[in-house]
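Undergrad: Below you will find the structure I want to go over with you.
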Amino acid sequence: MNRRAFFARDVRSALAAVEREFGPDARIVATEQEAQGVRIVAEPPMLAVAGTEADDWRARATAFGLPVAMLAAVARELRGVPEGARAMRAADRLAQRILTVPPFASRTVALVGPTGVGKTTTIAKLAACAQQSGLSVRLLTLDVARPGGVEQLRSFAQTLGLDVAVATTSRELEGLASDVRRGELVLVDTAGRAPHDRAARTATIDALRGAGASVMLCLQASARRTDASATLAAWKQAAPASLVVTKWDETGSPGEVVALAIERELPIAWITTGQTVPGDLVAADAVALAAHAVGLSEEQARSLVR
């Protein structure tokens with residue numbers, strides 16, 4: 001039999017090894033967390049027999065990027081569930097773990113995160129979505145250090161018929177944020193900050209706190225768990241109220257970021273799925289995310305998820 005075990009430091013690396021050996025249609029037989037990494041047992045597609053539906057949901061969730069320990073906990077909750085209903089019940093259990101927030105629950109929102117994560121493009125997407133919802137929008141930016149940062153936001157704003165107000169100090173931002181009309185949505189763009197750039201990050205946090213902004217942290221969907229964790233730790237002082245998962249279209253395994261949000265009880269607010277403005281933006285939905293993770297359609301998951 002050509003069944004083999006693959007060991008690597010994380011799920012993504014182990015799955016890559018499986019694909020190199022057996023191709024993209026290999027069957028995942030078992031996944032185990034070990035002291036030094038992850039062990040995946042797989043076999044080539046020609047050996048794969050019709051596996052149980054119970055096997056399928058877990059293999060798909062592993063490929064999605066959800067951690068072995070989380071899936072083991074879900075599997076324990078499925079004991080006694082008929083085999084044919086396990087995928088939907090797994091989606092149910094996962095959906096209950098995912099926190100989300102309603103669109104535009106806060107009226108002054110600042111996006112923060114690493115350089116290149118897509119904050120400015122996301123600001124433009126949010127502004128367009130808010131306009132389509134009938135909200136009046138004001139755009140502010142603190143992103144004056146990055147070459148072309150203000151110009152990029154102004155280019156998007158011009159397309160949407162909006163102006164951009166630039167703040168170079170915390171006092172200026174506070175004044176701009178307070179000078180808004182009742183019911184107006186204020187979106188604040190910020191410069192990307194690396195986890196080690198503590199001084200610049202602290203200055204940004206102080207400015208946003210003075211403006212009374214709700215902080216929305218941006219994490220790229222393809223971020224590795226260690227990098228995403230470092231970003232969360234770096235911005236802990238800002239007390240992020242929610243998360244935007246960006247560039248969802250650029251990876252097939254966004255589960256590491258989703259799992260981190262679950263573990264840290266950080267609500268997911270939005271997901272961006274491309275570069276188009278307006279467009280390529282969806283409000284986070286726990287059922288849809290859980291269905292995606294276990295390989296179901298959203299309609300299938302909604303037939304059972306409470």
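Ordering of the structure tokens sets the chain letters (A, B, ...); residue numbers start at 1 within each chain; ligands are numbered from 1 in the order shown.
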Please identify all polymer residues within 6 Å of range 238-245 of chain A, counting only C-alpha atoms, omitting same-chain residues fewer than 2 positions from it, and present them as a list of chain:residue names.
TA: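 Here the answer would be A:Ile205, A:Val215, A:Met216, A:Leu217, A:Cys218, A:Leu219, A:Gln220, A:Ala221, A:Trp235, A:Lys236, A:Leu266, A:Pro267, A:Ile268, A:Ala269, A:Trp270, A:Ile271.
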Undergrad: Using only C-alpha atoms, determine which residues lie at most 8 Å from Leu142 in chain A, disregarding the query and same-chain residues fewer than 6 positions distant; provide the list as a PDB file with N, CA and C atoms, in the first residue's frame.
TA:
ATOM      1  N   VAL A 166      -6.405  65.417   5.914  1.00  0.00           N
ATOM      2  CA  VAL A 166      -5.118  64.875   6.363  1.00  0.00           C
ATOM      3  C   VAL A 166      -4.768  65.433   7.738  1.00  0.00           C
ATOM      4  N   ALA A 167      -4.413  64.534   8.648  1.00  0.00           N
ATOM      5  CA  ALA A 167      -3.972  64.952   9.984  1.00  0.00           C
ATOM      6  C   ALA A 167      -2.510  64.563  10.156  1.00  0.00           C
ATOM      7  N   THR A 168      -1.694  65.512  10.586  1.00  0.00           N
ATOM      8  CA  THR A 168      -0.280  65.226  10.813  1.00  0.00           C
ATOM      9  C   THR A 168       0.047  65.089  12.296  1.00  0.00           C
ATOM     10  N   THR A 169      -0.899  65.445  13.167  1.00  0.00           N
ATOM     11  CA  THR A 169      -0.697  65.314  14.607  1.00  0.00           C
ATOM     12  C   THR A 169      -1.953  64.733  15.237  1.00  0.00           C
ATOM     13  N   LEU A 173      -6.022  65.285  14.300  1.00  0.00           N
ATOM     14  CA  LEU A 173      -6.968  64.189  14.099  1.00  0.00           C
ATOM     15  C   LEU A 173      -8.147  64.311  15.045  1.00  0.00           C
ATOM     16  N   VAL A 188     -10.848  56.218   9.224  1.00  0.00           N
ATOM     17  CA  VAL A 188      -9.503  56.763   9.399  1.00  0.00           C
ATOM     18  C   VAL A 188      -8.464  55.770   8.888  1.00  0.00           C
ATOM     19  N   ASP A 189      -7.658  56.221   7.928  1.00  0.00           N
ATOM     20  CA  ASP A 189      -6.565  55.408   7.412  1.00  0.00           C
ATOM     21  C   ASP A 189      -5.298  55.702   8.217  1.00  0.00           C
ATOM     22  N   THR A 190      -4.456  54.698   8.401  1.00  0.00           N
ATOM     23  CA  THR A 190      -3.211  54.875   9.154  1.00  0.00           C
ATOM     24  C   THR A 190      -2.053  54.253   8.383  1.00  0.00           C
ATOM     25  N   ALA A 191      -0.853  54.658   8.729  1.00  0.00           N
ATOM     26  CA  ALA A 191       0.336  54.083   8.097  1.00  0.00           C
ATOM     27  C   ALA A 191       0.578  52.678   8.620  1.00  0.00           C
TER      28      ALA A 191
END
Undergrad: Going by DSSP on the backbone, which bits of range 25-241 of chain A are strand (DSSP E)? Write them as a ChimeraX atom specification, please.
TA: /A:27-34,37-43,108-112,137-141,164-166,185-189,214-220
Undergrad: Just the selected residues (C-alpha atoms), exported as a short mmCIF file (atom, residue, chain, number, x, y, z; two decimals), in the first residue's frame, please.
TA:
data_model
loop_
_atom_site.label_atom_id
_atom_site.label_comp_id
_atom_site.auth_asym_id
_atom_site.auth_seq_id
_atom_site.Cartn_x
_atom_site.Cartn_y
_atom_site.Cartn_z
CA ARG A 27 -6.77 11.57 0.31
CA ILE A 28 -5.96 12.69 3.86
CA VAL A 29 -6.36 9.67 6.13
CA ALA A 30 -5.34 11.14 9.48
CA THR A 31 -3.92 14.32 11.00
CA GLU A 32 -2.18 14.40 14.36
CA GLN A 33 -0.53 17.14 16.40
CA GLU A 34 2.84 16.03 17.76
CA GLY A 37 4.88 19.65 14.56
CA VAL A 38 2.12 17.96 12.58
CA ARG A 39 1.88 14.43 11.18
CA ILE A 40 -0.44 13.79 8.24
CA VAL A 41 -1.13 10.31 6.84
CA ALA A 42 -2.18 10.36 3.19
CA GLU A 43 -2.56 8.11 0.19
CA THR A 108 -15.63 56.39 13.87
CA VAL A 109 -13.45 53.52 12.69
CA ALA A 110 -9.68 53.40 12.20
CA LEU A 111 -7.88 50.65 10.30
CA VAL A 112 -4.46 49.56 11.59
CA VAL A 137 -18.92 59.21 4.84
CA ARG A 138 -15.91 61.26 5.84
CA LEU A 139 -12.36 60.08 5.13
CA LEU A 140 -9.43 61.00 7.36
CA THR A 141 -5.82 59.84 7.12
CA VAL A 164 -9.82 63.37 2.27
CA ALA A 165 -8.76 65.32 5.35
CA VAL A 166 -5.12 64.87 6.36
CA LEU A 185 -19.41 57.58 9.30
CA VAL A 186 -15.77 58.54 9.82
CA LEU A 187 -13.12 56.20 8.39
CA VAL A 188 -9.50 56.76 9.40
CA ASP A 189 -6.56 55.41 7.41
CA SER A 214 -12.92 52.12 17.24
CA VAL A 215 -9.87 50.19 16.04
CA MET A 216 -10.23 47.57 13.31
CA LEU A 217 -7.13 45.41 12.82
CA CYS A 218 -6.28 44.20 9.31
CA LEU A 219 -4.68 40.77 8.87
CA GLN A 220 -3.91 39.17 5.53
#
Undergrad: Using DSSP on the backbone coordinates, identify the residues of range 62-275 of chain A assigned to alpha helix (DSSP H); present them as a ChimeraX atom specification.
TA: /A:62-64,68-77,86-97,119-132,149-160,170-178,198-211,225-234,255-263
Undergrad: With a distance cut-off of 10 Å and only C-alpha atoms, select the neighbouring residues of Pro103 in chain A, excluding the residue or stretch itself and same-chain residues fewer than 4 positions from it, and output the selection as number ranges by chain.
TA: A: 126, 129-130, 133, 269-270, 282-284
Undergrad: Which residues of range 209-275 of chain A sit at most 8 Å from range 53-76 of chain A, using only C-alpha atoms? Give each one's shortest atom pair and distance in Å (one decimal place), in chain and ascending residue order, as CSV.
TA:
residue,atom,partner,partner_atom,distance
A:Gly252,CA,A:Phe64,CA,6.6
A:Ser253,CA,A:Phe64,CA,4.4
A:Pro254,CA,A:Gly65,CA,6.0
A:Gly255,CA,A:Gly65,CA,3.9
A:Glu256,CA,A:Gly65,CA,5.2
A:Val258,CA,A:Leu66,CA,7.7
A:Ala259,CA,A:Leu66,CA,5.9
Undergrad: Okay, now the selection with C-alpha atoms, as a tab-separated table (two decimals), in the first residue's frame?
TA:
chain	number	residue	atom	x	y	z
A	252	GLY	CA	-6.61	28.60	-0.19
A	253	SER	CA	-5.81	28.26	3.51
A	254	PRO	CA	-7.09	31.26	5.47
A	255	GLY	CA	-7.92	29.12	8.49
A	256	GLU	CA	-4.88	30.10	10.56
A	258	VAL	CA	-9.73	32.60	11.37
A	259	ALA	CA	-8.62	30.21	14.12
Undergrad: What does the distance between CA of Ile123 in chain A and CA of Leu281 in chain A come to in Å, to one decimal place?
TA: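 Atom-to-atom, CA of Ile123 in chain A to CA of Leu281 in chain A, that is 10.6 Å.
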